[in-house]
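The structure file start.pdb is reproduced below (PDB, C-alpha atoms and all ligand atoms).
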```pdb
ATOM      1  CA  MET A   1       6.512  13.038  -5.480
ATOM      2  CA  GLN A   2       9.005  10.396  -6.426
ATOM      3  CA  TRP A   3       8.005   7.403  -8.553
ATOM      4  CA  LEU A   4       9.213   4.078  -7.163
ATOM      5  CA  ASP A   5       9.367   0.804  -9.082
ATOM      6  CA  ASP A   6       7.327  -0.697  -6.243
ATOM      7  CA  TYR A   7       4.353   1.319  -7.517
ATOM      8  CA  ASN A   8       4.216  -0.673 -10.767
ATOM      9  CA  ILE A   9       1.315  -3.091 -10.782
ATOM     10  CA  GLY A  10       2.539  -4.966 -13.851
ATOM     11  CA  VAL A  11      -0.043  -3.710 -16.346
ATOM     12  CA  SER A  12       1.934  -1.474 -18.679
ATOM     13  CA  HIS A  13      -0.748   0.983 -19.843
ATOM     14  CA  ILE A  14      -1.975   1.486 -16.276
ATOM     15  CA  ASP A  15       1.565   1.913 -14.935
ATOM     16  CA  LYS A  16       2.235   4.474 -17.652
ATOM     17  CA  GLN A  17      -0.858   6.458 -16.661
ATOM     18  CA  HIS A  18       0.069   6.274 -12.973
ATOM     19  CA  LYS A  19       3.506   7.677 -13.840
ATOM     20  CA  GLU A  20       1.903  10.525 -15.768
ATOM     21  CA  LEU A  21      -0.282  11.290 -12.731
ATOM     22  CA  ALA A  22       2.797  11.227 -10.499
ATOM     23  CA  ASN A  23       4.615  13.587 -12.901
ATOM     24  CA  THR A  24       1.707  16.010 -12.877
ATOM     25  CA  LEU A  25       1.692  15.994  -9.075
ATOM     26  CA  LYS A  26       5.439  16.567  -9.104
ATOM     27  CA  ARG A  27       4.882  19.533 -11.381
ATOM     28  CA  LEU A  28       2.286  20.893  -8.965
ATOM     29  CA  GLN A  29       4.738  20.467  -6.106
ATOM     30  CA  GLY A  30       7.317  22.392  -8.099
ATOM     31  CA  SER A  31       4.925  25.291  -8.562
ATOM     32  CA  LEU A  32       4.202  25.557  -4.839
ATOM     33  CA  SER A  33       5.305  29.159  -4.622
ATOM     34  CA  SER A  34       2.133  30.564  -3.139
ATOM     35  CA  THR A  35       0.239  29.508  -0.030
ATOM     36  CA  TYR A  36      -3.051  29.307  -1.858
ATOM     37  CA  VAL A  37      -3.871  27.695  -5.168
ATOM     38  CA  ASN A  38      -3.234  30.223  -7.940
ATOM     39  CA  ASN A  39      -4.351  30.287 -11.580
ATOM     40  CA  GLU A  40      -1.449  28.302 -12.930
ATOM     41  CA  MET A  41      -2.039  25.575 -10.366
ATOM     42  CA  ALA A  42      -5.756  25.588 -11.054
ATOM     43  CA  ASN A  43      -5.029  24.883 -14.719
ATOM     44  CA  THR A  44      -2.762  21.975 -13.859
ATOM     45  CA  LEU A  45      -5.461  20.713 -11.497
ATOM     46  CA  LYS A  46      -8.018  20.803 -14.277
ATOM     47  CA  PHE A  47      -5.690  18.748 -16.456
ATOM     48  CA  LEU A  48      -5.181  16.373 -13.532
ATOM     49  CA  VAL A  49      -8.931  15.887 -13.127
ATOM     50  CA  SER A  50      -9.582  15.127 -16.792
ATOM     51  CA  TYR A  51      -6.556  12.833 -17.062
ATOM     52  CA  THR A  52      -7.597  11.062 -13.861
ATOM     53  CA  GLN A  53     -11.128  10.548 -15.147
ATOM     54  CA  GLN A  54      -9.777   8.954 -18.323
ATOM     55  CA  HIS A  55      -7.386   6.835 -16.286
ATOM     56  CA  PHE A  56     -10.124   5.674 -13.903
ATOM     57  CA  SER A  57     -12.364   4.708 -16.773
ATOM     58  CA  ASP A  58      -9.525   2.712 -18.397
ATOM     59  CA  GLU A  59      -8.817   1.004 -15.098
ATOM     60  CA  GLU A  60     -12.509   0.241 -14.589
ATOM     61  CA  GLU A  61     -12.726  -1.200 -18.093
ATOM     62  CA  LEU A  62      -9.777  -3.445 -17.286
ATOM     63  CA  MET A  63     -11.363  -4.585 -14.008
ATOM     64  CA  GLU A  64     -14.621  -5.406 -15.738
ATOM     65  CA  SER A  65     -12.910  -7.289 -18.543
ATOM     66  CA  ILE A  66     -11.116  -9.617 -16.120
ATOM     67  CA  GLY A  67     -14.122 -10.091 -13.821
ATOM     68  CA  TYR A  68     -12.306  -8.409 -10.930
ATOM     69  CA  SER A  69     -13.917  -9.420  -7.630
ATOM     70  CA  ASP A  70     -13.621  -6.039  -5.872
ATOM     71  CA  PHE A  71     -14.752  -3.973  -8.849
ATOM     72  CA  LYS A  72     -17.710  -2.230  -7.199
ATOM     73  CA  ASN A  73     -15.762  -1.078  -4.167
ATOM     74  CA  HIS A  74     -12.806   0.029  -6.273
ATOM     75  CA  LYS A  75     -15.049   2.009  -8.584
ATOM     76  CA  SER A  76     -16.635   3.800  -5.628
ATOM     77  CA  LEU A  77     -13.173   4.810  -4.347
ATOM     78  CA  HIS A  78     -12.537   6.428  -7.740
ATOM     79  CA  LYS A  79     -15.857   8.232  -7.630
ATOM     80  CA  ASN A  80     -15.203   9.563  -4.127
ATOM     81  CA  LEU A  81     -11.910  11.100  -5.202
ATOM     82  CA  ILE A  82     -13.411  12.737  -8.283
ATOM     83  CA  ASP A  83     -16.241  14.142  -6.123
ATOM     84  CA  ASP A  84     -13.724  15.521  -3.603
ATOM     85  CA  VAL A  85     -11.585  17.167  -6.278
ATOM     86  CA  ARG A  86     -14.643  18.589  -8.035
ATOM     87  CA  THR A  87     -15.679  20.196  -4.744
ATOM     88  CA  ILE A  88     -12.241  21.804  -4.528
ATOM     89  CA  LEU A  89     -12.417  23.064  -8.122
ATOM     90  CA  LEU A  90     -15.795  24.567  -7.339
ATOM     91  CA  LYS A  91     -14.299  26.406  -4.364
ATOM     92  CA  LEU A  92     -11.625  27.816  -6.664
ATOM     93  CA  LYS A  93     -14.243  28.857  -9.152
ATOM     94  CA  ASN A  94     -16.048  30.715  -6.374
ATOM     95  CA  ASN A  95     -12.767  32.454  -5.463
ATOM     96  CA  GLU A  96     -12.479  30.672  -2.158
ATOM     97  CA  ALA A  97      -8.908  30.232  -0.910
ATOM     98  CA  VAL A  98      -7.614  26.659  -1.106
ATOM     99  CA  ASN A  99      -4.408  25.784   0.727
ATOM    100  CA  ALA A 100      -2.066  24.573  -1.998
ATOM    101  CA  LYS A 101       0.346  22.523   0.098
ATOM    102  CA  GLU A 102      -2.449  20.678   1.899
ATOM    103  CA  LEU A 103      -4.224  19.911  -1.355
ATOM    104  CA  ILE A 104      -1.142  18.576  -3.115
ATOM    105  CA  GLU A 105      -0.130  16.517  -0.110
ATOM    106  CA  PHE A 106      -3.629  15.073   0.032
ATOM    107  CA  LEU A 107      -3.516  14.128  -3.681
ATOM    108  CA  ILE A 108      -0.063  12.550  -3.442
ATOM    109  CA  ARG A 109      -1.022  10.569  -0.354
ATOM    110  CA  TRP A 110      -4.239   9.432  -2.045
ATOM    111  CA  LEU A 111      -2.465   8.321  -5.223
ATOM    112  CA  ILE A 112       0.312   6.377  -3.513
ATOM    113  CA  ASP A 113      -2.086   4.809  -1.024
ATOM    114  CA  HIS A 114      -4.542   3.863  -3.753
ATOM    115  CA  ILE A 115      -1.894   2.349  -6.022
ATOM    116  CA  VAL A 116      -0.214   0.398  -3.233
ATOM    117  CA  LYS A 117      -3.376  -0.813  -1.474
ATOM    118  CA  GLU A 118      -5.947  -1.105  -4.272
ATOM    119  CA  ASP A 119      -4.460  -1.065  -7.781
ATOM    120  CA  SER A 120      -1.753  -3.547  -6.810
ATOM    121  CA  LYS A 121      -4.555  -6.040  -6.049
ATOM    122  CA  ILE A 122      -5.651  -5.825  -9.686
ATOM    123  CA  GLY A 123      -2.106  -6.753 -10.695
ATOM    124  CA  SER A 124      -2.115  -9.753  -8.357
ATOM    125  CA  PHE A 125      -5.547 -10.787  -9.624
ATOM    126  CA  ILE A 126      -4.233 -10.819 -13.213
ATOM    127  CA  GLN A 127      -1.162 -12.771 -12.198
ATOM    128  CA  LYS A 128      -3.384 -15.396 -10.571
ATOM    129  CA  LEU A 129      -5.523 -15.596 -13.716
ATOM    130  CA  GLU A 130      -2.458 -16.041 -15.885
ATOM    131  CA  SER A 131      -0.996 -18.778 -13.699
ATOM    132  CA  LYS A 132      -4.155 -20.879 -13.982
TER     133      LYS A 132
HETATM  134 FE    FE B 201      -7.687   2.531  -9.061
END
```

Please render this file's structure as structure tokens.
Ligand SMILES: [Fe+2]
Amino acid sequence: MQWLDDYNIGVSHIDKQHKELANTLKRLQGSLSSTYVNNEMANTLKFLVSYTQQHFSDEEELMESIGYSDFKNHKSLHKNLIDDVRTILLKLKNNEAVNAKELIEFLIRWLIDHIVKEDSKIGSFIQKLESK
């Protein structure tokens, strides 16, 4: 996964966290040596989940503090992702095979899509506030 300047939403601490998420996904891509998720990947995934939870809660705090209009919907998108990834971690815990390439591609697509379609709207909302 390649970070593009277009992904910046203009809020520095959020952009920094997004970059860290992108780097972690890049690391996962680099370790794609086996078809199914192995132990090393599972550990990186666990880090990804806890970092993502912290990031989501920071982003939600920001949205609340600015009175963001689409807060509820945005928060539910976060929750859905965490639920999905938790389900996958549970599969791994139960020794079920998880296709590594599919999982990583899903996560990368989700992150880029979410930043471009949803998080960018927070950036625009702040810009509007500041121009008032
Ligand atoms: Fe978000």

Query raised in the report: Which of these residues is nearest to ligand FE 201 (chain B), using only C-alpha atoms and all ligand atoms: A:Ile108, A:Val98, A:Ile9, A:Ile88?
Result: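 For ligand FE 201 (chain B), the nearest of the candidates is A:Ile9.
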
Report task. Mind giving me the straight-line distance from CA of Phe47 (chain A) to CA of Ile14 (chain A) in Å, one decimal? Result -> 17.7 Å

**Report entry** Selection result of the PyMOL selection byres (((not hetatm)) within 8 of (chain B and resi 201)) on this file, as a count of residues only
**Finding:** 11

Assuming 4 Å of padding per side, give the centre and edge lengths of the axis-aligned box around every listed atom of region 22-40 of chain A, in Å to one decimal and as AutoDock Vina command-line options.
```
--center_x 1.5 --center_y 20.9 --center_z -6.5 --size_x 19.7 --size_y 27.3 --size_z 20.9
```

Residues matched by the PyMOL selection byres (((chain A and resi 26-41) around 10) and not hetatm), written as a PDB file with C-alpha atoms, in the coordinates of the input:
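This is the output file part_34.pdb:
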```pdb
ATOM      1  CA  MET A   1       6.512  13.038  -5.480  1.00  0.00           C
ATOM      2  CA  GLN A   2       9.005  10.396  -6.426  1.00  0.00           C
ATOM      3  CA  TRP A   3       8.005   7.403  -8.553  1.00  0.00           C
ATOM      4  CA  GLU A  20       1.903  10.525 -15.768  1.00  0.00           C
ATOM      5  CA  LEU A  21      -0.282  11.290 -12.731  1.00  0.00           C
ATOM      6  CA  ALA A  22       2.797  11.227 -10.499  1.00  0.00           C
ATOM      7  CA  ASN A  23       4.615  13.587 -12.901  1.00  0.00           C
ATOM      8  CA  THR A  24       1.707  16.010 -12.877  1.00  0.00           C
ATOM      9  CA  LEU A  25       1.692  15.994  -9.075  1.00  0.00           C
ATOM     10  CA  ALA A  42      -5.756  25.588 -11.054  1.00  0.00           C
ATOM     11  CA  ASN A  43      -5.029  24.883 -14.719  1.00  0.00           C
ATOM     12  CA  THR A  44      -2.762  21.975 -13.859  1.00  0.00           C
ATOM     13  CA  LEU A  45      -5.461  20.713 -11.497  1.00  0.00           C
ATOM     14  CA  LYS A  46      -8.018  20.803 -14.277  1.00  0.00           C
ATOM     15  CA  PHE A  47      -5.690  18.748 -16.456  1.00  0.00           C
ATOM     16  CA  LEU A  48      -5.181  16.373 -13.532  1.00  0.00           C
ATOM     17  CA  LEU A  92     -11.625  27.816  -6.664  1.00  0.00           C
ATOM     18  CA  GLU A  96     -12.479  30.672  -2.158  1.00  0.00           C
ATOM     19  CA  ALA A  97      -8.908  30.232  -0.910  1.00  0.00           C
ATOM     20  CA  VAL A  98      -7.614  26.659  -1.106  1.00  0.00           C
ATOM     21  CA  ASN A  99      -4.408  25.784   0.727  1.00  0.00           C
ATOM     22  CA  ALA A 100      -2.066  24.573  -1.998  1.00  0.00           C
ATOM     23  CA  LYS A 101       0.346  22.523   0.098  1.00  0.00           C
ATOM     24  CA  GLU A 102      -2.449  20.678   1.899  1.00  0.00           C
ATOM     25  CA  LEU A 103      -4.224  19.911  -1.355  1.00  0.00           C
ATOM     26  CA  ILE A 104      -1.142  18.576  -3.115  1.00  0.00           C
ATOM     27  CA  GLU A 105      -0.130  16.517  -0.110  1.00  0.00           C
ATOM     28  CA  ILE A 108      -0.063  12.550  -3.442  1.00  0.00           C
TER      29      ILE A 108
END
```

**Report entry** Atom-to-atom span, CA of Tyr51 (chain A) and CA of Gln17 (chain A), Å
**Finding:**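 Value for the CA of Tyr51 (chain A)-CA of Gln17 (chain A) distance: 8.6 Å.
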
Report summary line: From CA of Asn8 (chain A) to CA of Gly123 (chain A) the spacing works out at 8.8 Å

Query raised in the report: Of the candidates A:Val49, A:Glu61, A:Val11, A:Ser124, which one gets nearest to Thr87 (chain A) if we count all atoms listed in the file?
Result: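 Checking each of A:Val49, A:Glu61, A:Val11, A:Ser124 against Thr87 (chain A), counting all atoms listed in the file, the winner is A:Val49.
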